[in-house]
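J.: Mind having a look at this structure? Questions to follow.
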Amino acid sequence: MITIPAYTAIADVGSSLVKLLQENLVPEPIDKKENIGLCSPADKGDFQLTLYLYNIEESGEFRQTEMIKLPDGNLRYPPISFNLYYLLTAYSTAELKSKALDEHKILGRAIQVLYDNAILRGNDLAGSLKGSDQDIRIQTKNLSYDEMMRIWNFNDVPYNLSIAYRVGPVLIDSTRIKEAKRVVDTKISIMRKDRR
């Protein structure tokens with residue numbers, strides 16, 4: 001049976017991050033798991049904490065060049081490696097006088113959780129990545145105010161305090177296979193040299 005290599009790595013990383021935040025921010029400071037999710041700040045709905053994937057870049061530092069040997073002896077081309085860039089934004093449903101304080105608590109706890117779990121691996125990961133030997137690193141990404149405003153380009157959506165993260169490397173497998181022919185026989189020829 002031929003298995004198709006996973007192409008869901010980007011989605012699986014997003015699910016892994018949401019799962020981590022849900023496990024650590026519920027019930028305090030967020031009351032329900034359903035209030036943490038992946039979405040654009042423009043579409044936040046009832047979410048109190050959102051992760052918005054705003055950019056994907058190929059990662060040259062983790063580029064793999066070696067072919068992967070398959071059980072049938074064939075070779076698979078190496079995976080492509082990416083870094084994912086997320087915007088983490090908190091929202092409060094509290095009254096105006098305590099809204100900002102609430103959002104600061106949510107964001108502070110989320111930052112603490114991501115800092116304490118800066119490397120996701122094995123069973124911390126979701127989907128096709130679960131139990132794999134991949135290490136997914138979570139790092140803050142310092143953005144200037146101007147850079148943040150370029151990302152936060154949503155019509156009629158007022159800016160909410162946010163923090164950016166770089167997450168990776170995320171590997172997406174290749175489906176290209178190179179057939180490796182087995183050596184079935186060898187031919188050895190010996191040439192005699194005449195002695196004089």
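By convention here, the chains of the structure tokens are called A, B, ... in the order presented, each chain's residues are numbered starting at 1, and ligands are numbered starting at 1 in the order presented.
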Fewer than 3 positions away in the same chain doesn't count, so skip those; otherwise give me all residues within 10 Å of region 19-31 of chain A, counting only C-alpha atoms, as a ChimeraX atom specification.
T.: /A:13-16,34-37,47-49,92,102-103,105-114,117,120,124-126
J.: Selection from above, C-alpha atoms, as a CSV table (one decimal), in the first residue's frame, can you write it?
T.:
```
chain,number,residue,atom,x,y,z
A,13,VAL,CA,1.0,23.1,13.8
A,14,GLY,CA,-2.0,25.5,14.2
A,15,SER,CA,-4.0,22.8,15.9
A,16,SER,CA,-1.1,22.0,18.2
A,34,GLU,CA,-14.1,27.1,22.4
A,35,ASN,CA,-13.0,30.7,23.1
A,36,ILE,CA,-9.5,30.1,21.8
A,37,GLY,CA,-8.9,29.5,18.1
A,47,PHE,CA,-13.0,34.2,20.5
A,48,GLN,CA,-11.1,35.7,23.5
A,49,LEU,CA,-7.7,34.6,22.1
A,92,SER,CA,-12.2,40.6,26.6
A,102,ASP,CA,-8.6,41.5,31.2
A,103,GLU,CA,-6.9,41.4,27.8
A,105,LYS,CA,-4.1,39.0,31.8
A,106,ILE,CA,-5.1,36.8,28.9
A,107,LEU,CA,-2.1,37.9,26.8
A,108,GLY,CA,0.2,37.6,29.7
A,109,ARG,CA,-0.8,34.0,30.5
A,110,ALA,CA,-0.6,33.1,26.8
A,111,ILE,CA,2.9,34.5,26.6
A,112,GLN,CA,3.9,32.6,29.7
A,113,VAL,CA,2.5,29.3,28.3
A,114,LEU,CA,4.3,29.7,24.9
A,117,ASN,CA,6.6,25.3,26.0
A,120,LEU,CA,6.7,21.2,20.8
A,124,ASP,CA,2.5,17.7,22.2
A,125,LEU,CA,1.9,17.9,18.5
A,126,ALA,CA,-1.4,17.2,16.7
```
J.: I'd like the contact shell of region 156-171 of chain A - 8 Å cut-off, only C-alpha atoms, skipping same-chain residues fewer than 4 positions apart - returned as a count of residues only.
T.: 31
J.: From the list A:Ala100, A:Ser174, A:Glu179, A:Ala94, which residue is nearest Tyr77 (chain A) when using only C-alpha atoms?
T.: A:Ser174
